[in-house]
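Engineer: So here's query.cif, just mmCIF, C-alpha atoms:
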```
data_entry
#
loop_
_atom_site.label_atom_id
_atom_site.label_comp_id
_atom_site.auth_asym_id
_atom_site.auth_seq_id
_atom_site.Cartn_x
_atom_site.Cartn_y
_atom_site.Cartn_z
CA MET U 27 7.75 35.31 -74.44
CA ALA U 28 7.72 35.08 -70.63
CA LEU U 29 6.94 38.27 -68.70
CA ASN U 30 9.36 39.33 -66.00
CA VAL U 31 7.49 41.20 -63.29
CA LEU U 32 8.64 43.56 -60.53
CA LEU U 33 6.34 43.88 -57.49
CA VAL U 34 7.02 46.94 -55.34
CA ASP U 35 5.04 47.09 -52.09
CA ASP U 36 6.11 47.53 -48.48
CA SER U 37 3.76 44.74 -47.40
CA ALA U 38 5.25 41.27 -47.90
CA THR U 39 1.71 39.91 -47.52
CA MET U 40 0.46 42.03 -50.41
CA ARG U 41 3.45 41.09 -52.59
CA SER U 42 2.71 37.46 -51.90
CA MET U 43 -1.00 37.91 -52.72
CA ILE U 44 -0.25 39.68 -56.00
CA SER U 45 2.34 37.06 -56.95
CA ARG U 46 -0.14 34.26 -56.28
CA VAL U 47 -2.87 35.98 -58.29
CA LEU U 48 -0.50 36.56 -61.21
CA GLN U 49 0.38 32.87 -61.23
CA MET U 50 -3.35 32.02 -61.36
CA THR U 51 -3.99 34.23 -64.41
CA GLY U 52 -2.43 31.91 -66.96
CA LEU U 53 -0.13 34.68 -68.19
CA PRO U 54 3.26 33.51 -69.46
CA LEU U 55 5.28 34.58 -66.44
CA GLY U 56 9.03 34.55 -66.18
CA GLU U 57 10.73 35.79 -63.03
CA ILE U 58 8.79 37.67 -60.35
CA HIS U 59 11.09 40.08 -58.51
CA GLN U 60 10.08 41.88 -55.33
CA ALA U 61 11.04 45.15 -53.64
CA ALA U 62 9.80 46.74 -50.40
CA ASN U 63 10.06 50.40 -51.48
CA GLY U 64 10.78 52.62 -54.45
CA ARG U 65 14.52 52.75 -53.85
CA GLU U 66 14.78 48.94 -53.81
CA GLY U 67 12.54 48.90 -56.88
CA LEU U 68 14.90 51.16 -58.83
CA ASP U 69 17.84 48.96 -57.78
CA MET U 70 15.97 45.92 -59.12
CA LEU U 71 15.31 47.69 -62.42
CA GLY U 72 19.04 48.25 -62.77
CA LYS U 73 19.88 44.61 -62.10
CA HIS U 74 17.20 42.65 -63.92
CA TRP U 75 15.29 42.64 -67.19
CA ILE U 76 11.77 43.72 -66.21
CA ASP U 77 8.76 43.83 -68.55
CA ILE U 78 6.13 45.24 -66.22
CA VAL U 79 6.09 46.93 -62.79
CA LEU U 80 3.28 46.63 -60.23
CA LEU U 81 3.73 49.52 -57.85
CA ASP U 82 2.25 50.62 -54.51
CA ILE U 83 2.15 54.34 -53.68
CA ASN U 84 2.48 54.75 -49.91
CA MET U 85 5.82 53.23 -48.94
CA PRO U 86 8.65 54.23 -46.61
CA VAL U 87 12.10 55.29 -47.89
CA MET U 88 10.83 56.09 -51.40
CA SER U 89 7.17 56.26 -52.40
CA GLY U 90 5.71 54.82 -55.57
CA LEU U 91 5.18 58.30 -57.00
CA GLU U 92 8.85 59.16 -56.45
CA MET U 93 9.93 55.88 -58.05
CA LEU U 94 7.66 56.56 -61.02
CA ASP U 95 9.17 60.04 -61.45
CA GLU U 96 12.68 58.54 -61.46
CA MET U 97 11.63 55.88 -63.97
CA ARG U 98 10.11 58.42 -66.34
CA ARG U 99 13.33 60.49 -66.24
CA ASN U 100 15.48 57.47 -67.12
CA PRO U 101 15.44 56.67 -70.87
CA ASN U 102 15.93 52.96 -70.09
CA HIS U 103 12.72 52.78 -68.05
CA ALA U 104 10.68 55.75 -69.28
CA ASP U 105 8.29 53.67 -71.38
CA MET U 106 8.07 50.63 -69.10
CA PRO U 107 4.47 49.57 -68.40
CA VAL U 108 3.46 50.36 -64.81
CA ILE U 109 0.36 49.30 -62.91
CA VAL U 110 -0.23 51.14 -59.66
CA VAL U 111 -1.86 48.79 -57.13
CA SER U 112 -2.83 51.01 -54.24
CA THR U 113 -5.44 52.12 -51.75
CA GLU U 114 -5.30 55.56 -53.39
CA GLY U 115 -8.80 56.96 -53.50
CA SER U 116 -8.27 60.48 -54.84
CA GLU U 117 -9.61 60.84 -58.40
CA LYS U 118 -7.27 63.83 -58.82
CA ARG U 119 -4.20 61.72 -58.06
CA ILE U 120 -5.46 58.78 -60.12
CA ASP U 121 -6.02 61.09 -63.12
CA GLU U 122 -2.48 62.41 -62.74
CA LEU U 123 -1.18 58.84 -62.80
CA ARG U 124 -3.23 58.00 -65.88
CA GLU U 125 -1.80 61.06 -67.63
CA GLN U 126 1.61 59.42 -67.15
CA GLY U 127 0.36 56.31 -68.94
CA VAL U 128 -0.07 54.32 -65.75
CA LYS U 129 -2.88 51.81 -65.22
CA PHE U 130 -4.52 51.79 -61.81
CA ILE U 131 -6.00 49.05 -59.60
CA ARG U 132 -7.45 49.86 -56.21
CA LYS U 133 -6.95 47.53 -53.24
CA PRO U 134 -8.70 45.31 -52.48
CA PHE U 135 -8.72 43.92 -56.01
CA THR U 136 -10.18 40.79 -57.52
CA PRO U 137 -7.98 38.31 -59.40
CA GLU U 138 -10.04 39.06 -62.52
CA SER U 139 -9.42 42.82 -62.36
CA LEU U 140 -5.66 42.30 -62.01
CA ARG U 141 -5.63 39.76 -64.84
CA ASP U 142 -7.64 42.07 -67.13
CA VAL U 143 -5.38 45.05 -66.56
CA VAL U 144 -2.20 43.03 -67.09
CA ASN U 145 -3.74 41.47 -70.20
CA SER U 146 -4.63 44.90 -71.58
CA ILE U 147 -1.01 46.00 -71.24
CA VAL U 148 0.43 42.79 -72.63
CA GLY U 149 -1.99 42.95 -75.55
CA VAL U 150 -1.01 46.51 -76.40
CA HIS U 151 2.65 45.62 -75.97
CA ASN U 152 2.31 42.65 -78.33
CA GLU U 153 0.55 44.75 -80.95
CA GLU U 154 3.33 47.33 -80.79
CA SER U 155 5.97 44.60 -81.07
CA ASN U 156 4.23 43.11 -84.09
CA GLU U 157 3.96 46.53 -85.70
CA ASN U 158 7.67 47.14 -85.18
CA GLU U 159 8.50 43.74 -86.64
CA TRP U 160 6.33 44.52 -89.67
CA ARG U 161 8.12 47.85 -90.18
CA ASP U 162 11.52 46.17 -89.90
CA MET C 29 -7.84 64.56 -30.89
CA LYS C 30 -11.15 66.37 -31.26
CA ASN C 31 -13.59 64.70 -33.59
CA GLN C 32 -16.22 66.81 -35.31
CA THR C 33 -18.13 64.87 -37.92
CA LYS C 34 -21.08 65.67 -40.14
CA THR C 35 -23.03 63.32 -37.91
CA ASN C 36 -21.55 60.49 -35.90
CA GLY C 37 -24.25 58.15 -37.18
CA GLU C 38 -23.35 58.85 -40.81
CA THR C 39 -19.62 58.44 -40.17
CA ASN C 40 -20.22 55.20 -38.28
CA ARG C 41 -22.31 53.85 -41.16
CA ILE C 42 -19.51 54.60 -43.64
CA LEU C 43 -16.91 53.08 -41.28
CA SER C 44 -18.98 49.94 -41.01
CA GLU C 45 -19.62 49.59 -44.75
CA VAL C 46 -16.04 50.22 -45.83
CA ALA C 47 -14.52 47.95 -43.18
CA ALA C 48 -16.92 45.12 -44.10
CA GLN C 49 -16.15 45.48 -47.83
CA VAL C 50 -12.39 45.47 -47.24
CA LEU C 51 -12.54 42.54 -44.82
CA GLU C 52 -14.41 40.55 -47.44
CA GLY C 53 -12.39 41.63 -50.48
CA LEU C 54 -8.93 41.56 -48.92
CA THR C 55 -9.06 38.93 -46.21
CA PHE C 56 -12.08 36.80 -47.23
CA THR C 57 -13.49 37.37 -43.76
CA PHE C 58 -17.20 38.05 -43.42
CA VAL C 59 -19.08 40.27 -41.01
CA ILE C 60 -21.94 38.70 -39.06
CA PRO C 61 -24.72 41.32 -38.82
CA ASP C 62 -26.10 40.20 -35.45
CA GLY C 63 -23.02 38.81 -33.75
CA GLU C 64 -22.99 38.29 -30.02
CA GLU C 65 -21.05 40.38 -27.52
CA HIS C 66 -18.48 38.47 -25.54
CA THR C 67 -15.71 39.28 -23.11
CA ASP C 68 -12.59 40.63 -24.74
CA GLY C 69 -9.36 38.71 -24.27
CA PRO C 70 -5.94 40.17 -25.01
CA CYS C 71 -6.06 42.64 -27.90
CA ILE C 72 -3.73 44.41 -30.28
CA GLY C 73 -4.18 47.57 -32.31
CA VAL C 74 -3.03 49.05 -35.59
CA THR C 75 -2.87 52.79 -36.22
CA VAL C 76 -2.62 54.71 -39.49
CA ASN C 77 -2.04 58.46 -39.32
CA PHE C 78 -3.07 60.55 -42.31
CA LYS C 79 -2.87 64.14 -43.55
CA GLY C 80 -4.99 65.86 -46.15
CA PRO C 81 -7.96 68.24 -46.08
CA PHE C 82 -8.12 67.15 -42.46
CA ILE C 83 -5.67 65.23 -40.32
CA GLY C 84 -6.41 62.26 -38.15
CA ARG C 85 -5.85 58.64 -37.36
CA LEU C 86 -7.55 55.34 -38.10
CA VAL C 87 -7.22 52.75 -35.36
CA LEU C 88 -8.14 49.07 -35.55
CA ARG C 89 -8.55 47.06 -32.35
CA MET C 90 -8.84 43.28 -32.54
CA PRO C 91 -8.25 40.11 -30.53
CA GLU C 92 -4.59 39.13 -30.66
CA THR C 93 -5.68 35.90 -32.37
CA LEU C 94 -7.25 37.67 -35.38
CA PRO C 95 -4.05 38.63 -37.27
CA ALA C 96 -3.17 34.93 -37.64
CA LEU C 97 -6.53 34.30 -39.30
CA LEU C 98 -6.07 37.34 -41.55
CA ALA C 99 -2.63 36.12 -42.62
CA GLU C 100 -3.89 32.59 -43.28
CA ASN C 101 -6.68 33.90 -45.49
CA MET C 102 -4.60 36.49 -47.33
CA LEU C 103 -1.68 34.18 -47.94
CA ALA C 104 -3.76 31.01 -48.45
CA ILE C 105 -1.73 29.12 -45.89
CA THR C 106 -2.70 26.71 -43.13
CA PRO C 107 -2.34 27.49 -39.40
CA GLU C 108 0.59 25.03 -39.33
CA GLU C 109 2.40 27.04 -42.00
CA ASP C 110 1.75 30.34 -40.24
CA ASP C 111 4.49 30.54 -37.64
CA SER C 112 5.69 34.07 -38.30
CA GLU C 113 4.62 36.93 -36.06
CA GLU C 114 5.82 39.34 -38.73
CA ALA C 115 3.49 37.79 -41.34
CA ARG C 116 0.54 38.08 -38.93
CA TYR C 117 1.26 41.71 -38.08
CA ASP C 118 1.95 42.57 -41.72
CA ALA C 119 -1.52 41.25 -42.61
CA ALA C 120 -3.08 43.40 -39.87
CA ARG C 121 -1.14 46.47 -41.00
CA GLU C 122 -2.24 45.97 -44.60
CA LEU C 123 -5.86 45.61 -43.50
CA ALA C 124 -5.64 48.96 -41.68
CA ASN C 125 -3.92 50.59 -44.66
CA VAL C 126 -6.58 49.42 -47.13
CA ILE C 127 -9.50 50.33 -44.86
CA CYS C 128 -8.06 53.81 -44.34
CA GLY C 129 -7.37 54.34 -48.04
CA ASN C 130 -10.90 53.31 -49.00
CA LEU C 131 -12.55 55.19 -46.15
CA LEU C 132 -11.17 58.71 -46.62
CA PRO C 133 -12.61 59.41 -50.10
CA LYS C 134 -16.00 58.22 -48.88
CA ILE C 135 -15.85 60.85 -46.14
CA ALA C 136 -13.91 63.70 -47.75
CA GLY C 137 -14.96 63.28 -51.39
CA ALA C 138 -13.27 61.72 -54.41
CA GLU C 139 -11.12 64.77 -55.21
CA ALA C 140 -9.50 65.01 -51.78
CA VAL C 141 -5.85 64.00 -51.63
CA PHE C 142 -4.53 62.34 -48.47
CA ASN C 143 -1.11 61.07 -47.51
CA LEU C 144 -1.13 57.97 -45.34
CA GLN C 145 1.73 57.08 -43.03
CA ALA C 146 2.90 53.49 -42.64
CA PRO C 147 0.62 51.56 -40.25
CA THR C 148 2.06 50.65 -36.86
CA ILE C 149 1.18 47.80 -34.50
CA VAL C 150 0.32 48.67 -30.89
CA LYS C 151 0.63 45.62 -28.66
CA ASP C 152 0.09 47.31 -25.32
CA GLU C 153 -3.58 47.83 -24.34
CA GLU C 154 -2.80 50.91 -22.29
CA CYS C 155 -0.92 52.53 -25.18
CA LEU C 156 -3.76 51.61 -27.50
CA ARG C 157 -6.32 53.33 -25.29
CA LYS C 158 -4.22 56.50 -25.39
CA GLU C 159 -4.31 56.40 -29.21
CA ILE C 160 -8.09 56.72 -29.25
CA SER C 161 -9.97 59.78 -28.05
CA GLU C 162 -13.37 59.42 -26.42
CA ASP C 163 -15.18 61.25 -29.22
CA ALA C 164 -13.72 59.19 -32.08
CA ALA C 165 -16.25 57.67 -34.49
CA HIS C 166 -16.38 53.98 -33.70
CA VAL C 167 -17.90 50.71 -34.90
CA ARG C 168 -17.55 47.13 -33.73
CA LEU C 169 -17.92 44.38 -36.32
CA PHE C 170 -18.52 40.75 -35.44
CA LEU C 171 -16.71 38.24 -37.61
CA GLU C 172 -17.00 34.48 -38.03
CA GLU C 173 -14.01 34.16 -35.73
CA GLY C 174 -13.53 37.19 -33.52
CA TRP C 175 -14.36 40.84 -33.97
CA LEU C 176 -12.88 44.09 -35.19
CA GLU C 177 -13.29 47.60 -33.84
CA VAL C 178 -12.65 50.56 -36.14
CA PHE C 179 -12.03 54.06 -34.76
CA LEU C 180 -11.73 57.23 -36.81
CA ASP C 181 -10.20 60.09 -34.91
CA VAL C 182 -10.15 63.42 -36.73
CA ALA C 183 -8.82 66.83 -35.74
CA GLY C 184 -11.18 69.65 -36.66
CA GLU C 185 -14.18 69.45 -38.94
CA ILE C 186 -14.66 66.92 -41.71
#
```
I need this file expressed as structure tokens, please.

Structural biologist:
Amino acid sequence: MALNVLLVDDSATMRSMISRVLQMTGLPLGEIHQAANGREGLDMLGKHWIDIVLLDINMPVMSGLEMLDEMRRNPNHADMPVIVVSTEGSEKRIDELREQGVKFIRKPFTPESLRDVVNSIVGVHNEESNENEWRD
Amino acid sequence: MKNQTKTNGETNRILSEVAAQVLEGLTFTFVIPDGEEHTDGPCIGVTVNFKGPFIGRLVLRMPETLPALLAENMLAITPEEDDSEEARYDAARELANVICGNLLPKIAGAEAVFNLQAPTIVKDEECLRKEISEDAAHVRLFLEEGWLEVFLDVAGEI
């Protein structure tokens, strides 16, 4: 199954870098959607089928943390896998994100670190899907 | 802005290390340890204001030609493909954002929480000078093509 990805970052350069790295990972990618802030990101979630969100924190209009809060309150998006890709350096804030089930990658990242984190989520997701199929 | 650091030498060492690591990891640009001084041509700056346990501003100053190189490296494009001023400035803004985000925990500790404002480009040299106080911590890094100055201006004690 192809993964549809949503990249949310106010830097077009960073979105382009992440998109390029994702395409180098060998993951089965579907559509890669992009948004420049949390508000645009939420709009994208309403319009497209998204499997995984890669989210920056510091953005104008609506921050990544605000977008994450909105997602977790919406039953349609509450369990969606999210990877925060940010310069965030505070262990306190990173721990808070992890408590919400979010994976974290600090900028600058290597292609391998991004691939490994996405793979860890996709792997877990596949296991859960298989388990559900078995139960059905 | 008044800058009171633990020691300026220690802050400058951290500035230098973090900027070099980010340049390498984000823009694939390497610092030359013993680069040569040369006359500055036209320059631009990028500023990032932040608030947290202390407030302040990170300022990058660079030759106006450097953002094009940053964009080419970050986007893996050729100079012929790079015809967008916005792409060049976006690369410079992202460099400032990532340096600032990586720098603050090294100075304030891993538990400190900071909020960074969106980086802004300063094209005018006179305006850029006004953004930097005389007592800001400061390093100048020599790159394969060009140079980068990093200023950390903090209000109060770190």

Engineer: Just say which residues the PyMOL selection byres ((chain U and resi 41) around 12) picks in this file, as a ChimeraX atom specification.

Structural biologist: /U:31-40,42-48,58-63,80-82,111-112 /C:102-103,115,118-119,122

Engineer: Next, write the just-selected residues to a file, as a PDB file, in the frame of the given file, keeping C-alpha atoms as the atom set.

Structural biologist:
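Generated output (out_17.pdb):
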```
ATOM      1  CA  VAL U  31       7.490  41.200 -63.290  1.00  0.00           C
ATOM      2  CA  LEU U  32       8.640  43.560 -60.530  1.00  0.00           C
ATOM      3  CA  LEU U  33       6.340  43.880 -57.490  1.00  0.00           C
ATOM      4  CA  VAL U  34       7.020  46.940 -55.340  1.00  0.00           C
ATOM      5  CA  ASP U  35       5.040  47.090 -52.090  1.00  0.00           C
ATOM      6  CA  ASP U  36       6.110  47.530 -48.480  1.00  0.00           C
ATOM      7  CA  SER U  37       3.760  44.740 -47.400  1.00  0.00           C
ATOM      8  CA  ALA U  38       5.250  41.270 -47.900  1.00  0.00           C
ATOM      9  CA  THR U  39       1.710  39.910 -47.520  1.00  0.00           C
ATOM     10  CA  MET U  40       0.460  42.030 -50.410  1.00  0.00           C
ATOM     11  CA  SER U  42       2.710  37.460 -51.900  1.00  0.00           C
ATOM     12  CA  MET U  43      -1.000  37.910 -52.720  1.00  0.00           C
ATOM     13  CA  ILE U  44      -0.250  39.680 -56.000  1.00  0.00           C
ATOM     14  CA  SER U  45       2.340  37.060 -56.950  1.00  0.00           C
ATOM     15  CA  ARG U  46      -0.140  34.260 -56.280  1.00  0.00           C
ATOM     16  CA  VAL U  47      -2.870  35.980 -58.290  1.00  0.00           C
ATOM     17  CA  LEU U  48      -0.500  36.560 -61.210  1.00  0.00           C
ATOM     18  CA  ILE U  58       8.790  37.670 -60.350  1.00  0.00           C
ATOM     19  CA  HIS U  59      11.090  40.080 -58.510  1.00  0.00           C
ATOM     20  CA  GLN U  60      10.080  41.880 -55.330  1.00  0.00           C
ATOM     21  CA  ALA U  61      11.040  45.150 -53.640  1.00  0.00           C
ATOM     22  CA  ALA U  62       9.800  46.740 -50.400  1.00  0.00           C
ATOM     23  CA  ASN U  63      10.060  50.400 -51.480  1.00  0.00           C
ATOM     24  CA  LEU U  80       3.280  46.630 -60.230  1.00  0.00           C
ATOM     25  CA  LEU U  81       3.730  49.520 -57.850  1.00  0.00           C
ATOM     26  CA  ASP U  82       2.250  50.620 -54.510  1.00  0.00           C
ATOM     27  CA  VAL U 111      -1.860  48.790 -57.130  1.00  0.00           C
ATOM     28  CA  SER U 112      -2.830  51.010 -54.240  1.00  0.00           C
TER      29      SER U 112
ATOM     30  CA  MET C 102      -4.600  36.490 -47.330  1.00  0.00           C
ATOM     31  CA  LEU C 103      -1.680  34.180 -47.940  1.00  0.00           C
ATOM     32  CA  ALA C 115       3.490  37.790 -41.340  1.00  0.00           C
ATOM     33  CA  ASP C 118       1.950  42.570 -41.720  1.00  0.00           C
ATOM     34  CA  ALA C 119      -1.520  41.250 -42.610  1.00  0.00           C
ATOM     35  CA  GLU C 122      -2.240  45.970 -44.600  1.00  0.00           C
TER      36      GLU C 122
END
```

Engineer: Determine which residues of chain U sit within 8 Å of chain C, taking into account all atoms listed in the file, and present them as a PDB file with C-alpha atoms, keeping the file's coordinate frame.

Structural biologist:
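Below is the file selection-v8.pdb, written as the result:
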```pdb
ATOM      1  CA  SER U  37       3.760  44.740 -47.400  1.00  0.00           C
ATOM      2  CA  ALA U  38       5.250  41.270 -47.900  1.00  0.00           C
ATOM      3  CA  THR U  39       1.710  39.910 -47.520  1.00  0.00           C
ATOM      4  CA  MET U  40       0.460  42.030 -50.410  1.00  0.00           C
ATOM      5  CA  SER U  42       2.710  37.460 -51.900  1.00  0.00           C
ATOM      6  CA  MET U  43      -1.000  37.910 -52.720  1.00  0.00           C
ATOM      7  CA  ASN U  84       2.480  54.750 -49.910  1.00  0.00           C
ATOM      8  CA  MET U  85       5.820  53.230 -48.940  1.00  0.00           C
ATOM      9  CA  PRO U  86       8.650  54.230 -46.610  1.00  0.00           C
ATOM     10  CA  THR U 113      -5.440  52.120 -51.750  1.00  0.00           C
ATOM     11  CA  GLU U 114      -5.300  55.560 -53.390  1.00  0.00           C
ATOM     12  CA  GLY U 115      -8.800  56.960 -53.500  1.00  0.00           C
ATOM     13  CA  SER U 116      -8.270  60.480 -54.840  1.00  0.00           C
ATOM     14  CA  GLU U 117      -9.610  60.840 -58.400  1.00  0.00           C
ATOM     15  CA  LYS U 118      -7.270  63.830 -58.820  1.00  0.00           C
ATOM     16  CA  ARG U 119      -4.200  61.720 -58.060  1.00  0.00           C
ATOM     17  CA  LYS U 133      -6.950  47.530 -53.240  1.00  0.00           C
ATOM     18  CA  PRO U 134      -8.700  45.310 -52.480  1.00  0.00           C
ATOM     19  CA  PHE U 135      -8.720  43.920 -56.010  1.00  0.00           C
ATOM     20  CA  THR U 136     -10.180  40.790 -57.520  1.00  0.00           C
TER      21      THR U 136
END
```

Engineer: Between atom CA of Val76 of chain C and atom CA of Glu173 of chain C, measure the distance and give it in Å to one decimal.

Structural biologist: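 Pair atom CA of Val76 of chain C / atom CA of Glu173 of chain C returns 23.8 Å.
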
Engineer: So how far away is atom CA of Asp142 of chain U from atom CA of Asp77 of chain U, in Å?

Structural biologist: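 One can read the atom CA of Asp77 of chain U to atom CA of Asp142 of chain U distance as 16.6 Å.
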
Engineer: Please write as a short mmCIF file (atom, residue, chain, number, x, y, z; two decimals) with C-alpha atoms, in the coordinates of the input the full residue list that the PyMOL selection byres ((chain C and resi 86) around 6) yields on this file.

Structural biologist:
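Resulting contents of out.cif:
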```cif
data_model
loop_
_atom_site.label_atom_id
_atom_site.label_comp_id
_atom_site.auth_asym_id
_atom_site.auth_seq_id
_atom_site.Cartn_x
_atom_site.Cartn_y
_atom_site.Cartn_z
CA THR C 75 -2.87 52.79 -36.22
CA VAL C 76 -2.62 54.71 -39.49
CA ARG C 85 -5.85 58.64 -37.36
CA VAL C 87 -7.22 52.75 -35.36
CA PHE C 179 -12.03 54.06 -34.76
CA LEU C 180 -11.73 57.23 -36.81
#
```

Engineer: I need the output of the PyMOL selection byres ((chain U and resi 29) around 7) for this file as a ChimeraX atom specification; which residues are they?

Structural biologist: /U:27-28,30-31,54-56,77

Engineer: Could you check which of C:Ile42, C:Val59, C:Ile72, C:Ile83 is closest to Leu169 of chain C, using all atoms listed in the file?

Structural biologist: C:Val59

Engineer: Record the distance separating atom CA of Leu176 of chain C and atom CA of Phe130 of chain U, expressed in Å with one decimal.

Structural biologist: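 Spanning atom CA of Leu176 of chain C to atom CA of Phe130 of chain U is a straight-line distance of 28.9 Å.
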
Engineer: Report as a PyMOL selection string all protein, DNA and RNA residues lying within 12 Å of segment 97-99 of chain U, evaluated on all atoms listed in the file, omitting residues in the same chain fewer than 4 positions from it.

Structural biologist: chain U and resi 64-65+67-72+79+81+90-93+103-108+123+126-128

Engineer: With only C-alpha atoms as the atoms that count, which of C:Leu171, C:Ile135, C:Cys155, C:Met90 lies nearest to Arg41 of chain C?

Structural biologist: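 With only C-alpha atoms as the atom set, the closest residue is C:Ile135.
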
Engineer: Considering all atoms listed in the file, return as an NGL selection string whatever protein or nucleic-acid residues lie within 6 Å of Val74 of chain C, sequence-local ones (same chain, fewer than 4 positions apart) excluded.

Structural biologist: :C and (87-88 or 148-150)
